[in-house]
Amino acid sequence: MIKISHVSYQYDHPGIPALNDISLEIHPGEYVALIGPNGCGKTTLIRQLNALCRPDRGVVTVDGLDTSVAANHKEIRRAVGMLFQNPDNSIVGMTVEEDIAFGPGNLNWPPSEIRRQVSQILKSLGLESLALRAPHTLSGGEKRLVSLAGVLVMNPRYIAFDEPTAYLDPVGRRRVLETMERLHRSGIGIIHITHDVNDMADVDRLLVMDKGKIIQEGTPREIFCKMAENRDSALSLPPIMELMHHLNRQGWPLAPDILSVDDASREIHRLLSGASHKEKP
Amino acid sequence: MISFGQYRNGNSFGHRLDARVKIMAMVTLSILIFQARGWEICLLSAFLFAVCFISRLKFSEVREALRPLASFAVLLFVLHLFFTDGTPLFPIPYLPVEITREGLVRGLLISWQFLALALSGAILTMTTSPSDLVCGLEHLLSPMRRIRIPVSDIAVMVSIALRFVPTILEEYGRIKTAQIARGAEVETGRLDRKMKSLAALLIPLMVSALRRADDLAEAMETRGYARGPRTTLHQLHLGREETVAVIVFGFLLSIVLVSKYCL
């Protein structure tokens, strides 16, 4: 479990703190989405998770290891993988396979073991054909998957993704999201920073951040329903929920807390088949 | 795009050979080339051509690799041709210089030595992938760890530099297009204006490279990078092919040395 208790953090320049007394627990195998406007501290928060920055006040522990103790860093960084916004700047190796081997090399695994793990990861992500390619020849989606492979090879228990679908075409986007979903099913805890409401429908927990604080926390359904009532949030609702709300306001007796297309079609079907012998409102 | 001696994929004897052997051979050759005269240089040249052939390098590829250096070789030749004392071959009217027989021979020799040196370097980089090259260098330099030279870190630095060359070039192209779109005279215009717009290219390029470096440092840190020895994917091994190569090369080396110092 990652435990963040009363963490505050400020970058060198004075001003409002990037993180302001945040407390949070992330459980093994949980899928958490982190949303909020630019500059609200999302990235700073996930940087705390693998000791890239350490709290000014408060404590962060990863499976019991305190991030402020330098001796724990190697283990913490192995446990919490991190994927940055720009995959171009996180690929170190001259070829795909070498990049994946970078982390294990840092852990001083023997070369034969590195070779074995690298081929296994390449296979599981369907990247075998790219093994010897140079990073600059890859597409955006491929770069994301390669940098993910470089993190996965170290067998992390949690992975933090910083806007993994930004700038991707629909195919690359779907491939990345499907891979994340698969990792979640295999028991890895996922922390996903995103602006896209469509990415959030299936997550276990949604955290809304603003000005260095977590202002809302709950299942996507709870949070979107509250947002739909208030209508003052910077975030827009998922389109399908927006539609249900519109219809609901116009007097159609549809449940307003619907997030997925599947649920919506079921609901509409239920309404239409039930309403066939009655006059529609 | 810089094309000097870019790696050509292949699986020839020359490609398969352990990078350490190739690097050492190249270093030895580059010393030997400048010691050799007369038939010795012919022997070494024949050896280089044989290596090209064994490595299945096409003539056109080799020519392209050497092309950027051709003008310098010509300059070397011309300088020696005119400024060497000796028996005049024929006078040149209206000029206070003359072409000598010694100058002709010396010019040919030195410009060929220069090209042969470039050729041996090109063969190395054309048959050895950058990864193998870095790995080979790391192994060869590893004794220097004893005198506290951080060999592994240097190897990581070199490979990062090579990894980012195409990325930075791509970025350069992007910045150039962006600046042209804003009216910078990068490719056209007077020289002084061109120089001015060069700043408009290089400064953004530097800024972005520094930002990249920051990001990269963080990414490396999150992946557990720390200074000091680390293991790598690549394994070098010395086998039968390497033995053959070392014997052949040693034979060549001893012929040249014996001919030079003992005869």
# chains A, B, ... in the order shown; residues from 1 in each chain; ligands from 1
$ interface_residues --of "chain A" --to "chain B" --cutoff "9 Å" --atoms "only C-alpha atoms" --output "ChimeraX atom specification"
/A:50-52,73-75,77-78,80-84,86,88-95,97-98,101-115,118,134-136,150-151,154
$ write_last_selection --atoms "N, CA and C atoms" --output "tab-separated table (two decimals), in the first residue's frame"
chain	number	residue	atom	x	y	z
A	50	ASN	N	7.42	7.83	-6.09
A	50	ASN	CA	8.64	7.01	-6.19
A	50	ASN	C	9.89	7.81	-5.87
A	51	ALA	N	9.73	8.73	-4.94
A	51	ALA	CA	10.86	9.42	-4.32
A	51	ALA	C	11.61	10.34	-5.28
A	52	LEU	N	10.96	10.72	-6.40
A	52	LEU	CA	11.61	11.71	-7.26
A	52	LEU	C	11.66	13.05	-6.54
A	73	HIS	N	15.52	4.03	-1.73
A	73	HIS	CA	15.12	4.51	-3.06
A	73	HIS	C	15.15	3.43	-4.14
A	74	LYS	N	16.18	2.59	-4.12
A	74	LYS	CA	16.27	1.59	-5.18
A	74	LYS	C	15.04	0.67	-5.15
A	75	GLU	N	14.69	0.24	-3.95
A	75	GLU	CA	13.55	-0.66	-3.81
A	75	GLU	C	12.24	0.04	-4.17
A	77	ARG	N	11.83	2.59	-6.17
A	77	ARG	CA	11.74	2.85	-7.61
A	77	ARG	C	11.46	1.60	-8.39
A	78	ARG	N	11.84	0.48	-7.82
A	78	ARG	CA	11.50	-0.76	-8.47
A	78	ARG	C	10.02	-1.06	-8.27
A	80	VAL	N	7.51	1.15	-7.65
A	80	VAL	CA	6.61	2.12	-8.28
A	80	VAL	C	7.21	2.58	-9.60
A	81	GLY	N	6.63	2.11	-10.69
A	81	GLY	CA	7.09	2.54	-12.01
A	81	GLY	C	6.46	3.86	-12.36
A	82	MET	N	7.12	4.59	-13.26
A	82	MET	CA	6.63	5.93	-13.55
A	82	MET	C	6.74	6.19	-15.04
A	83	LEU	N	5.63	6.64	-15.64
A	83	LEU	CA	5.67	6.97	-17.06
A	83	LEU	C	5.35	8.44	-17.26
A	84	PHE	N	6.29	9.14	-17.86
A	84	PHE	CA	6.17	10.59	-17.98
A	84	PHE	C	5.37	10.97	-19.20
A	86	ASN	N	6.18	12.86	-21.80
A	86	ASN	CA	6.84	12.77	-23.09
A	86	ASN	C	7.73	11.53	-23.16
A	88	ASP	N	9.43	10.37	-25.43
A	88	ASP	CA	10.66	10.61	-26.18
A	88	ASP	C	11.82	10.89	-25.24
A	89	ASN	N	11.53	11.58	-24.14
A	89	ASN	CA	12.58	11.95	-23.22
A	89	ASN	C	12.79	10.94	-22.11
A	90	SER	N	12.10	9.80	-22.18
A	90	SER	CA	12.40	8.81	-21.16
A	90	SER	C	13.00	7.55	-21.75
A	91	ILE	N	13.20	7.54	-23.07
A	91	ILE	CA	13.84	6.38	-23.69
A	91	ILE	C	15.35	6.63	-23.73
A	92	VAL	N	16.09	5.78	-23.05
A	92	VAL	CA	17.52	6.01	-22.87
A	92	VAL	C	18.33	5.24	-23.91
A	93	GLY	N	17.86	4.05	-24.25
A	93	GLY	CA	18.68	3.14	-25.06
A	93	GLY	C	18.71	3.50	-26.53
A	94	MET	N	19.75	2.99	-27.22
A	94	MET	CA	19.87	3.26	-28.65
A	94	MET	C	18.92	2.39	-29.45
A	95	THR	N	18.51	1.26	-28.87
A	95	THR	CA	17.51	0.42	-29.52
A	95	THR	C	16.45	0.10	-28.48
A	97	GLU	N	15.28	-2.80	-27.41
A	97	GLU	CA	15.63	-3.82	-26.41
A	97	GLU	C	16.64	-3.29	-25.40
A	98	GLU	N	17.55	-2.43	-25.87
A	98	GLU	CA	18.51	-1.88	-24.94
A	98	GLU	C	17.85	-0.96	-23.94
A	101	ALA	N	16.35	-2.88	-21.31
A	101	ALA	CA	17.37	-3.47	-20.45
A	101	ALA	C	18.01	-2.45	-19.51
A	102	PHE	N	17.65	-1.18	-19.66
A	102	PHE	CA	18.33	-0.15	-18.85
A	102	PHE	C	18.06	-0.32	-17.35
A	103	GLY	N	16.79	-0.48	-16.99
A	103	GLY	CA	16.44	-0.64	-15.58
A	103	GLY	C	17.10	-1.87	-14.95
A	104	PRO	N	16.91	-3.04	-15.56
A	104	PRO	CA	17.56	-4.24	-15.02
A	104	PRO	C	19.07	-4.09	-14.92
A	105	GLY	N	19.68	-3.39	-15.88
A	105	GLY	CA	21.12	-3.14	-15.82
A	105	GLY	C	21.48	-2.34	-14.59
A	106	ASN	N	20.62	-1.36	-14.27
A	106	ASN	CA	20.87	-0.57	-13.06
A	106	ASN	C	20.76	-1.40	-11.80
A	107	LEU	N	19.95	-2.47	-11.88
A	107	LEU	CA	19.81	-3.35	-10.72
A	107	LEU	C	20.87	-4.45	-10.74
A	108	ASN	N	21.77	-4.36	-11.74
A	108	ASN	CA	22.88	-5.31	-11.86
A	108	ASN	C	22.44	-6.77	-12.02
A	109	TRP	N	21.36	-6.98	-12.78
A	109	TRP	CA	20.99	-8.36	-13.10
A	109	TRP	C	22.03	-8.91	-14.07
A	110	PRO	N	22.28	-10.22	-14.01
A	110	PRO	CA	23.23	-10.80	-14.98
A	110	PRO	C	22.66	-10.71	-16.40
A	111	PRO	N	23.54	-10.51	-17.40
A	111	PRO	CA	23.08	-10.32	-18.78
A	111	PRO	C	22.11	-11.38	-19.29
A	112	SER	N	22.35	-12.65	-18.93
A	112	SER	CA	21.46	-13.70	-19.45
A	112	SER	C	20.04	-13.51	-18.89
A	113	GLU	N	19.95	-13.10	-17.63
A	113	GLU	CA	18.65	-12.86	-17.01
A	113	GLU	C	17.97	-11.65	-17.68
A	114	ILE	N	18.78	-10.60	-17.95
A	114	ILE	CA	18.22	-9.41	-18.61
A	114	ILE	C	17.64	-9.83	-19.96
A	115	ARG	N	18.41	-10.60	-20.72
A	115	ARG	CA	17.97	-11.05	-22.04
A	115	ARG	C	16.64	-11.78	-21.94
A	118	VAL	N	13.81	-9.33	-20.99
A	118	VAL	CA	13.50	-8.39	-22.08
A	118	VAL	C	12.67	-9.09	-23.14
A	134	ALA	N	15.55	1.77	-33.68
A	134	ALA	CA	16.00	2.94	-32.93
A	134	ALA	C	14.78	3.73	-32.49
A	135	PRO	N	14.84	4.33	-31.30
A	135	PRO	CA	13.65	4.99	-30.76
A	135	PRO	C	13.04	6.05	-31.67
A	136	HIS	N	13.88	6.78	-32.43
A	136	HIS	CA	13.30	7.88	-33.21
A	136	HIS	C	12.49	7.38	-34.41
A	150	GLY	N	9.94	-0.68	-20.48
A	150	GLY	CA	11.12	-0.41	-19.66
A	150	GLY	C	10.80	-0.34	-18.18
A	151	VAL	N	9.55	0.02	-17.87
A	151	VAL	CA	9.13	0.07	-16.46
A	151	VAL	C	8.67	-1.32	-16.00
A	154	MET	N	10.91	-4.28	-14.67
A	154	MET	CA	11.40	-4.30	-13.30
A	154	MET	C	10.36	-4.84	-12.33
$ residues_around --residues "segment 18-24 of chain A" --least-positions-apart "2" --cutoff "8 Å" --atoms "only C-alpha atoms" --output "short mmCIF file (atom, residue, chain, number, x, y, z; two decimals) with N, CA and C atoms, in the first residue's frame"
data_model
loop_
_atom_site.label_atom_id
_atom_site.label_comp_id
_atom_site.auth_asym_id
_atom_site.auth_seq_id
_atom_site.Cartn_x
_atom_site.Cartn_y
_atom_site.Cartn_z
N LYS A 3 1.08 4.96 1.13
CA LYS A 3 0.40 5.77 2.13
C LYS A 3 1.00 7.17 2.14
N ILE A 4 0.14 8.14 1.88
CA ILE A 4 0.58 9.52 1.88
C ILE A 4 -0.12 10.20 3.04
N SER A 5 0.65 10.70 4.03
CA SER A 5 -0.06 11.32 5.14
C SER A 5 0.43 12.74 5.37
N HIS A 6 -0.51 13.66 5.25
CA HIS A 6 -0.30 15.09 5.52
C HIS A 6 0.91 15.64 4.78
N VAL A 7 1.00 15.35 3.50
CA VAL A 7 2.17 15.76 2.73
C VAL A 7 1.98 17.15 2.16
N SER A 8 2.98 18.01 2.41
CA SER A 8 3.04 19.31 1.75
C SER A 8 4.36 19.39 1.00
N TYR A 9 4.33 20.09 -0.11
CA TYR A 9 5.55 20.22 -0.89
C TYR A 9 5.51 21.52 -1.66
N GLN A 10 6.66 22.17 -1.70
CA GLN A 10 6.74 23.43 -2.44
C GLN A 10 8.00 23.40 -3.30
N TYR A 11 7.87 23.85 -4.55
CA TYR A 11 9.07 23.96 -5.39
C TYR A 11 9.88 25.15 -4.92
N ILE A 16 2.20 29.61 -4.03
CA ILE A 16 1.35 28.61 -3.40
C ILE A 16 2.05 27.25 -3.45
N ILE A 26 -3.25 4.42 -1.47
CA ILE A 26 -3.49 3.69 -2.72
C ILE A 26 -3.21 2.22 -2.44
N CYS A 40 -2.32 21.91 -10.95
CA CYS A 40 -2.97 21.72 -9.66
C CYS A 40 -2.17 20.79 -8.77
N GLY A 41 -1.09 20.23 -9.29
CA GLY A 41 -0.24 19.40 -8.44
C GLY A 41 -0.32 17.91 -8.71
N THR A 44 3.18 16.58 -9.49
CA THR A 44 3.98 16.64 -8.27
C THR A 44 3.59 15.50 -7.33
N LEU A 45 2.29 15.22 -7.27
CA LEU A 45 1.84 14.15 -6.39
C LEU A 45 2.42 12.81 -6.82
N GLY A 58 5.25 15.90 6.28
CA GLY A 58 4.46 14.71 6.07
C GLY A 58 5.32 13.53 5.65
N LYS A 211 -5.46 23.21 -6.78
CA LYS A 211 -4.56 24.03 -5.96
C LYS A 211 -3.85 23.22 -4.87
N GLY A 212 -3.31 22.08 -5.26
CA GLY A 212 -2.51 21.31 -4.32
C GLY A 212 -3.30 20.52 -3.29
N LYS A 213 -4.60 20.45 -3.46
CA LYS A 213 -5.42 19.68 -2.52
C LYS A 213 -6.29 18.70 -3.28
N ILE A 214 -6.68 17.62 -2.58
CA ILE A 214 -7.67 16.72 -3.18
C ILE A 214 -9.03 17.24 -2.75
#
$ atom_distance --atom1 "atom CA of Ile31 of chain B" --atom2 "atom CA of Gly10 of chain B"
27.7 Å
$ select_by_dssp --residues "segment 201-242 of chain A" --states "strand (DSSP E or B)" --output "ChimeraX atom specification"
/A:205-210,213-218
$ residues_around --residues "Thr179 of chain A" --least-positions-apart "4" --cutoff "8 Å" --atoms "only C-alpha atoms" --output "VMD selection string"
chain A and resid 125 175 183
$ write_last_selection --atoms "C-alpha atoms" --output "mmCIF file, in the first residue's frame"
data_model
loop_
_atom_site.group_PDB
_atom_site.id
_atom_site.type_symbol
_atom_site.label_atom_id
_atom_site.label_comp_id
_atom_site.auth_asym_id
_atom_site.auth_seq_id
_atom_site.Cartn_x
_atom_site.Cartn_y
_atom_site.Cartn_z
ATOM 1 C CA LEU A 125 3.367 -6.300 -25.158
ATOM 2 C CA ARG A 175 -3.693 0.187 -27.558
ATOM 3 C CA LEU A 183 -1.960 -4.613 -16.274
#
$ residues_around --residues "Lys42 of chain A" --least-positions-apart "4" --cutoff "10 Å" --atoms "only C-alpha atoms" --output "number ranges by chain"
A: 18-19, 34-38, 46-47, 162, 192-194, 207-214
$ write_last_selection --atoms "C-alpha atoms" --output "CSV table (one decimal), in the first residue's frame"
chain,number,residue,atom,x,y,z
A,18,ALA,CA,2.3,22.5,-5.1
A,19,LEU,CA,0.9,20.0,-2.6
A,34,LEU,CA,-6.3,11.6,-10.9
A,35,ILE,CA,-7.9,14.7,-12.5
A,36,GLY,CA,-7.8,18.4,-12.2
A,37,PRO,CA,-6.8,21.6,-14.0
A,38,ASN,CA,-3.2,22.1,-15.2
A,46,ILE,CA,2.9,11.2,-8.5
A,47,ARG,CA,6.5,12.3,-8.3
A,162,ASP,CA,1.2,10.9,-16.5
A,192,HIS,CA,-3.6,7.5,-14.1
A,193,ILE,CA,-3.4,11.2,-14.6
A,194,THR,CA,-5.8,12.2,-17.3
A,207,LEU,CA,-9.5,11.9,-7.2
A,208,VAL,CA,-10.1,15.5,-8.2
A,209,MET,CA,-7.3,17.9,-7.4
A,210,ASP,CA,-7.2,21.6,-7.3
A,211,LYS,CA,-4.6,24.0,-6.0
A,212,GLY,CA,-2.5,21.3,-4.3
A,213,LYS,CA,-5.4,19.7,-2.5
A,214,ILE,CA,-7.7,16.7,-3.2
$ residues_around --residues "Leu252 of chain B" --least-positions-apart "4" --cutoff "12 Å" --atoms "only C-alpha atoms" --output "PyMOL selection string"
chain B and resi 25+28-29+32+40-48+245-248+256-259
$ write_last_selection --atoms "N, CA and C atoms" --output "CSV table (one decimal), in the first residue's frame"
chain,number,residue,atom,x,y,z
B,25,ALA,N,41.9,-3.6,-33.5
B,25,ALA,CA,42.5,-3.7,-34.9
B,25,ALA,C,42.5,-2.3,-35.5
B,28,THR,N,45.2,-0.2,-34.0
B,28,THR,CA,46.5,-0.6,-34.4
B,28,THR,C,46.8,-0.2,-35.9
B,29,LEU,N,45.8,-0.4,-36.7
B,29,LEU,CA,45.9,-0.1,-38.1
B,29,LEU,C,46.2,1.4,-38.3
B,32,LEU,N,49.7,2.0,-37.6
B,32,LEU,CA,50.5,1.3,-38.6
B,32,LEU,C,50.5,2.1,-40.0
B,40,GLU,N,54.5,-1.7,-48.1
B,40,GLU,CA,53.8,-1.9,-46.8
B,40,GLU,C,52.4,-1.3,-46.9
B,41,ILE,N,52.4,-0.1,-47.4
B,41,ILE,CA,51.1,0.6,-47.4
B,41,ILE,C,50.2,-0.1,-48.4
B,42,CYS,N,50.8,-0.7,-49.5
B,42,CYS,CA,50.0,-1.4,-50.5
B,42,CYS,C,49.4,-2.7,-49.8
B,43,LEU,N,50.2,-3.3,-48.9
B,43,LEU,CA,49.7,-4.5,-48.2
B,43,LEU,C,48.6,-4.1,-47.3
B,44,LEU,N,48.7,-3.0,-46.6
B,44,LEU,CA,47.7,-2.6,-45.6
B,44,LEU,C,46.4,-2.2,-46.4
B,45,SER,N,46.6,-1.6,-47.5
B,45,SER,CA,45.4,-1.2,-48.3
B,45,SER,C,44.7,-2.4,-48.8
B,46,ALA,N,45.5,-3.4,-49.3
B,46,ALA,CA,44.9,-4.6,-49.8
B,46,ALA,C,44.1,-5.3,-48.7
B,47,PHE,N,44.7,-5.2,-47.4
B,47,PHE,CA,44.0,-5.8,-46.3
B,47,PHE,C,42.6,-5.1,-46.1
B,48,LEU,N,42.7,-3.8,-46.1
B,48,LEU,CA,41.4,-3.0,-45.9
B,48,LEU,C,40.4,-3.4,-46.9
B,245,ALA,N,40.6,-14.2,-36.7
B,245,ALA,CA,40.8,-12.8,-37.0
B,245,ALA,C,42.1,-12.3,-36.4
B,246,VAL,N,42.3,-12.6,-35.1
B,246,VAL,CA,43.5,-12.1,-34.4
B,246,VAL,C,44.8,-12.7,-35.0
B,247,ILE,N,44.7,-14.0,-35.4
B,247,ILE,CA,45.9,-14.6,-36.0
B,247,ILE,C,46.2,-13.9,-37.4
B,248,VAL,N,45.2,-13.7,-38.2
B,248,VAL,CA,45.4,-13.1,-39.5
B,248,VAL,C,46.0,-11.7,-39.3
B,256,VAL,N,54.5,-6.2,-41.5
B,256,VAL,CA,54.8,-4.8,-41.6
B,256,VAL,C,55.9,-4.4,-40.7
B,257,LEU,N,55.9,-4.9,-39.4
B,257,LEU,CA,56.9,-4.4,-38.5
B,257,LEU,C,58.3,-5.0,-38.8
B,258,VAL,N,58.3,-6.3,-39.2
B,258,VAL,CA,59.6,-6.9,-39.6
B,258,VAL,C,60.2,-6.1,-40.8
B,259,SER,N,59.4,-5.9,-41.8
B,259,SER,CA,59.9,-5.2,-43.0
B,259,SER,C,60.4,-3.8,-42.7
$ closest_residue --among "B:Ser12, B:Ser254, B:Ser71, B:Gln35" --to "Ser111 of chain B" --atoms "only C-alpha atoms"
B:Ser71
$ select_by_dssp --residues "segment 132-241 of chain B" --states "helix (DSSP H, G or I)" --output "ChimeraX atom specification"
/B:132-147,151-181,191-222,240-241
$ atom_distance --atom1 "atom CA of Leu124 of chain B" --atom2 "atom CA of Arg240 of chain B"
19.8 Å
$ atom_distance --atom1 "atom CA of Ile190 of chain A" --atom2 "atom CA of Tyr158 of chain A"
5.8 Å
$ closest_residue --among "A:Val171, A:Val261, A:Leu145, A:Val153" --to "Ile121 of chain A" --atoms "only C-alpha atoms"
A:Val153
$ residues_around --residues "Leu119 of chain B" --least-positions-apart "4" --cutoff "10 Å" --atoms "only C-alpha atoms" --output "PyMOL selection string"
chain B and resi 5+26+30+45+48-49+52+62-63+65-66+113-115+123-125
$ write_last_selection --atoms "C-alpha atoms" --output "PDB file, in the first residue's frame"
ATOM      1  CA  GLY B   5      30.202   5.429 -41.718  1.00  0.00           C
ATOM      2  CA  MET B  26      41.338  -0.304 -35.985  1.00  0.00           C
ATOM      3  CA  SER B  30      45.623   3.684 -37.737  1.00  0.00           C
ATOM      4  CA  SER B  45      45.404  -1.181 -48.342  1.00  0.00           C
ATOM      5  CA  LEU B  48      41.429  -3.007 -45.890  1.00  0.00           C
ATOM      6  CA  PHE B  49      39.841  -3.809 -49.242  1.00  0.00           C
ATOM      7  CA  CYS B  52      35.428  -4.504 -47.040  1.00  0.00           C
ATOM      8  CA  VAL B  62      32.270   2.933 -48.948  1.00  0.00           C
ATOM      9  CA  ARG B  63      32.595   5.726 -51.494  1.00  0.00           C
ATOM     10  CA  ALA B  65      31.362   7.221 -46.461  1.00  0.00           C
ATOM     11  CA  LEU B  66      34.646   8.683 -47.716  1.00  0.00           C
ATOM     12  CA  GLN B 113      47.308   7.334 -45.783  1.00  0.00           C
ATOM     13  CA  PHE B 114      44.665   9.808 -44.723  1.00  0.00           C
ATOM     14  CA  LEU B 115      41.970   8.099 -46.788  1.00  0.00           C
ATOM     15  CA  ILE B 123      34.677  -0.070 -41.828  1.00  0.00           C
ATOM     16  CA  LEU B 124      34.512  -0.272 -38.034  1.00  0.00           C
ATOM     17  CA  THR B 125      31.421   1.898 -37.707  1.00  0.00           C
TER      18      THR B 125
END
$ decode --residues "segment 145-165 of chain B" --atoms "C-alpha atoms" --output "PDB file, in the first residue's frame"
ATOM      1  CA  ARG B 145      38.280   1.651 -13.271  1.00  0.00           C
ATOM      2  CA  ARG B 146      41.315   0.967 -11.112  1.00  0.00           C
ATOM      3  CA  ILE B 147      42.337   4.581 -11.444  1.00  0.00           C
ATOM      4  CA  ARG B 148      38.787   5.686 -10.607  1.00  0.00           C
ATOM      5  CA  ILE B 149      37.656   6.518 -14.110  1.00  0.00           C
ATOM      6  CA  PRO B 150      33.874   5.969 -14.211  1.00  0.00           C
ATOM      7  CA  VAL B 151      33.874   3.749 -17.285  1.00  0.00           C
ATOM      8  CA  SER B 152      30.232   2.609 -17.012  1.00  0.00           C
ATOM      9  CA  ASP B 153      29.002   6.170 -16.688  1.00  0.00           C
ATOM     10  CA  ILE B 154      31.037   7.214 -19.696  1.00  0.00           C
ATOM     11  CA  ALA B 155      29.514   4.347 -21.673  1.00  0.00           C
ATOM     12  CA  VAL B 156      25.999   5.455 -20.675  1.00  0.00           C
ATOM     13  CA  MET B 157      26.853   9.029 -21.651  1.00  0.00           C
ATOM     14  CA  VAL B 158      28.146   7.995 -25.058  1.00  0.00           C
ATOM     15  CA  SER B 159      25.134   5.833 -25.786  1.00  0.00           C
ATOM     16  CA  ILE B 160      22.738   8.613 -24.740  1.00  0.00           C
ATOM     17  CA  ALA B 161      24.582  11.059 -26.984  1.00  0.00           C
ATOM     18  CA  LEU B 162      24.250   8.655 -29.917  1.00  0.00           C
ATOM     19  CA  ARG B 163      20.618   7.917 -29.068  1.00  0.00           C
ATOM     20  CA  PHE B 164      19.702  11.603 -29.152  1.00  0.00           C
ATOM     21  CA  VAL B 165      21.507  12.624 -32.350  1.00  0.00           C
TER      22      VAL B 165
END
